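Encoded as structure tokens, the structure appears first; notes follow it.
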Amino acid sequence: MMRKLILIVVPLLVFFSLRAEEKSYIVTFYNVENFFDIYDDPSTRDEEFTPDGPKEWTQAKYDRKMANISQVLFGIAASNKDYPAVIGLSEVENRRVLEDLVSTEKLQPARYQIVHYDSPEPRGIDVALLYRPDVFKIEWSDAFQPVIPEIPDFKTRDILAVCGTIEGEKFCFFVNHWSSRRGGSAASEYLRVGCAETVRRYADSLQSVYPDINIVIMGDMNDDPYNKSLSETLGARREISEVEPGGYFNPFWNMYKAGYGTLGYQDAWNLFDNIIVNYNLVKEDGGSTLHILPSEHKNLYGRIFKRSYMIQQKGRYKNYPLRSFSGNSFLGGYSDHLPVYIVIGK
């Protein structure tokens, strides 16, 4: 009887030890589209998203939005059999919204902690980071404004830097929401180039002090991977083979070329939501034991979470992300963007 028990238990011990060695971590970014609370903040222009505003933003609509965003993030967890270690968010109004989100029934088991700073953006929308303290050991954070030389007093969403360790290895996550294309992509390009220059300087300075650090730059860049801000200013390469020490790889460039997108505009897909990693996370000699892992599509390293419930099923915007509003009409949707994620492991 004892021998039979040993024969059964040993294979199970081997199985679990192998699983531990193969531990991987999900890093997610999601533009959650105008995620406001229902209260008027006198210091910002948020009146549109109040019960008396043009969108009649009530508690019931807020609760619906909260449930939707929670459902999507839980969907990513369920499809990967683990909660994301880190979640970058954009278009959140304040810490109250984030506290409500991490307290939802679907996300509460992950015990997410919050990093958020109020930015000087006129409407009050910010970027933020949620992280699992059992995985990511935070050491410090910082929020800083993009430097636009042509407009010294320019104010927009902060760039958020959050640094710490995973499995004892140094990581720094940058969460971005770069300037929009209002006025046209060409006319506004210098704004996004300024954002890219700012985050590149900050990331490069960290790499000069900590050569083994792993850098992850995520966000809604309002540019596709081939645009100047990403491909030239940030220098995020399309192929891993092109990445040099100190450089960066954009796993979503080949996804864009393959026809994938995260938002629809004028009958075409764009891929503005990117997660970019540095040399250490793609090269064996980079000093890190953790690396970005390919998806089931062998040459693709980025992932886009897309389910039918997140997609408009009819009308003018059929097959595009099901957003919360069309004008002032509440659609009860999720976001006008799809979330993206990468997987990091050994």
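Labels used: A, B, ... for chains in the order of the structure tokens, numbers from 1 for residues in each chain, and numbers from 1 for ligands as shown.
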
Determine, using only C-alpha atoms, which residues of range 35-144 of chain A have any atom at most 9 Å from an atom of range 289-307 of chain A, and tabulate each with its shortest atom pair and distance in Å to one decimal place, rows ordered by chain and then rising number, as CSV.
residue,atom,partner,partner_atom,distance
A:Val72,CA,A:Phe305,CA,8.3
A:Gly75,CA,A:Phe305,CA,8.3
A:Ile76,CA,A:Phe305,CA,6.8

Just the selected residues (all heavy atoms), exported as a PDB file, in the first residue's frame, please.
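Okay, this is what ended up in again-v6.pdb:
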ATOM      1  N   VAL A  72     -13.580  42.322 -18.482  1.00  0.00           N
ATOM      2  CA  VAL A  72     -12.498  42.200 -19.465  1.00  0.00           C
ATOM      3  C   VAL A  72     -11.195  41.782 -18.789  1.00  0.00           C
ATOM      4  O   VAL A  72     -10.497  40.861 -19.254  1.00  0.00           O
ATOM      5  CB  VAL A  72     -12.307  43.526 -20.226  1.00  0.00           C
ATOM      6  CG1 VAL A  72     -11.042  43.477 -21.087  1.00  0.00           C
ATOM      7  CG2 VAL A  72     -13.527  43.815 -21.097  1.00  0.00           C
ATOM      8  N   GLY A  75     -11.336  38.357 -17.798  1.00  0.00           N
ATOM      9  CA  GLY A  75     -11.242  37.506 -18.980  1.00  0.00           C
ATOM     10  C   GLY A  75      -9.801  37.229 -19.366  1.00  0.00           C
ATOM     11  O   GLY A  75      -9.455  36.105 -19.762  1.00  0.00           O
ATOM     12  N   ILE A  76      -8.955  38.248 -19.270  1.00  0.00           N
ATOM     13  CA  ILE A  76      -7.527  38.046 -19.542  1.00  0.00           C
ATOM     14  C   ILE A  76      -6.949  37.056 -18.541  1.00  0.00           C
ATOM     15  O   ILE A  76      -6.183  36.153 -18.903  1.00  0.00           O
ATOM     16  CB  ILE A  76      -6.777  39.392 -19.488  1.00  0.00           C
ATOM     17  CG1 ILE A  76      -7.261  40.319 -20.612  1.00  0.00           C
ATOM     18  CG2 ILE A  76      -5.261  39.173 -19.586  1.00  0.00           C
ATOM     19  CD1 ILE A  76      -6.711  41.720 -20.538  1.00  0.00           C
TER      20      ILE A  76
END

Rows by chain and residue number, range 261-334 of chain A within 12 Å of range 171-177 of chain A, shortest pair, only C-alpha atoms, as CSV:
residue,atom,partner,partner_atom,distance
A:Phe272,CA,A:His177,CA,9.8
A:Asp273,CA,A:His177,CA,9.2
A:Asn274,CA,A:Asn176,CA,9.6
A:Ile275,CA,A:Val175,CA,9.3
A:Ile276,CA,A:Phe174,CA,9.6
A:Val277,CA,A:Phe173,CA,9.5
A:Asn278,CA,A:Cys172,CA,10.5
A:Asn280,CA,A:Phe171,CA,10.4
A:Leu281,CA,A:Phe171,CA,10.1
A:Ser288,CA,A:Phe171,CA,10.1
A:Leu290,CA,A:Phe171,CA,10.5
A:His291,CA,A:Phe171,CA,11.9

Could you list, as a CSV table (one decimal) with N, CA and C atoms, in the first residue's frame, every residue within 7 Å of Ile38 in chain A, counting only C-alpha atoms and ignoring same-chain residues fewer than 5 positions away?
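Result file result16.csv:
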chain,number,residue,atom,x,y,z
A,49,PHE,N,-19.4,64.3,-17.4
A,49,PHE,CA,-19.6,63.0,-16.8
A,49,PHE,C,-20.1,63.1,-15.3
A,50,THR,N,-21.3,63.7,-15.2
A,50,THR,CA,-22.0,63.9,-14.0
A,50,THR,C,-23.4,63.6,-14.2
A,51,PRO,N,-24.2,63.3,-13.2
A,51,PRO,CA,-25.7,63.1,-13.4
A,51,PRO,C,-26.4,64.2,-14.1
A,57,TRP,N,-24.4,60.9,-16.6
A,57,TRP,CA,-23.6,59.9,-16.0
A,57,TRP,C,-24.0,59.5,-14.6
A,58,THR,N,-24.9,58.6,-14.5
A,58,THR,CA,-25.5,58.2,-13.2
A,58,THR,C,-24.7,57.0,-12.6
A,59,GLN,N,-25.1,56.7,-11.3
A,59,GLN,CA,-24.5,55.6,-10.6
A,59,GLN,C,-24.7,54.3,-11.3

Long-range neighbours of Thr233 in chain A as a PDB file with C-alpha atoms, in the first residue's frame, 10 Å cut-off, only C-alpha atoms, 5 positions minimum in chain:
ATOM      1  CA  ARG A 192       3.929  62.584 -29.587  1.00  0.00           C
ATOM      2  CA  VAL A 193       7.584  62.871 -30.594  1.00  0.00           C
ATOM      3  CA  GLY A 194       8.077  65.028 -27.491  1.00  0.00           C
ATOM      4  CA  CYS A 195       6.382  62.365 -25.356  1.00  0.00           C
ATOM      5  CA  ALA A 196       8.622  59.678 -26.868  1.00  0.00           C
ATOM      6  CA  GLU A 197      11.763  61.756 -26.300  1.00  0.00           C
ATOM      7  CA  THR A 198      10.818  62.268 -22.651  1.00  0.00           C
ATOM      8  CA  VAL A 199      10.218  58.616 -21.816  1.00  0.00           C
ATOM      9  CA  ARG A 200      13.287  57.542 -23.822  1.00  0.00           C
ATOM     10  CA  ASN A 227       5.102  56.055 -36.887  1.00  0.00           C
ATOM     11  CA  LYS A 228       8.030  58.325 -36.109  1.00  0.00           C
TER      12      LYS A 228
END

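Proximity to Asp118 in chain A was assessed for A:Val92, A:Gly264, A:Val282, A:Gly345 counting only C-alpha atoms; the smallest distance is recorded for A:Val92.
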
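Ranking A:Met255, A:Val135, A:Ala67, A:Met218 by their shortest atom-to-atom distance to Gly88 in chain A, with only C-alpha atoms included, puts A:Met218 first.
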
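With CA of Ala143 in chain A on one side and CA of Tyr117 in chain A on the other, the separation reads 6.7 Å.
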
Members of range 47-236 of chain A assigned helix (DSSP H, G or I) by DSSP, as a count of residues only:
63

Counting only C-alpha atoms, which of A:Phe325, A:Tyr39, A:Tyr190, A:Tyr320 gets nearest to Ser308 in chain A?
A:Tyr320

Strand (DSSP E or B) residues, from DSSP on the backbone, in range 125-312 of chain A, as a ChimeraX atom specification
/A:126-131,136-144,159-166,169-177,214-220,236-237,248-249,263-265,268-270,273-278,291-292,303-304,311
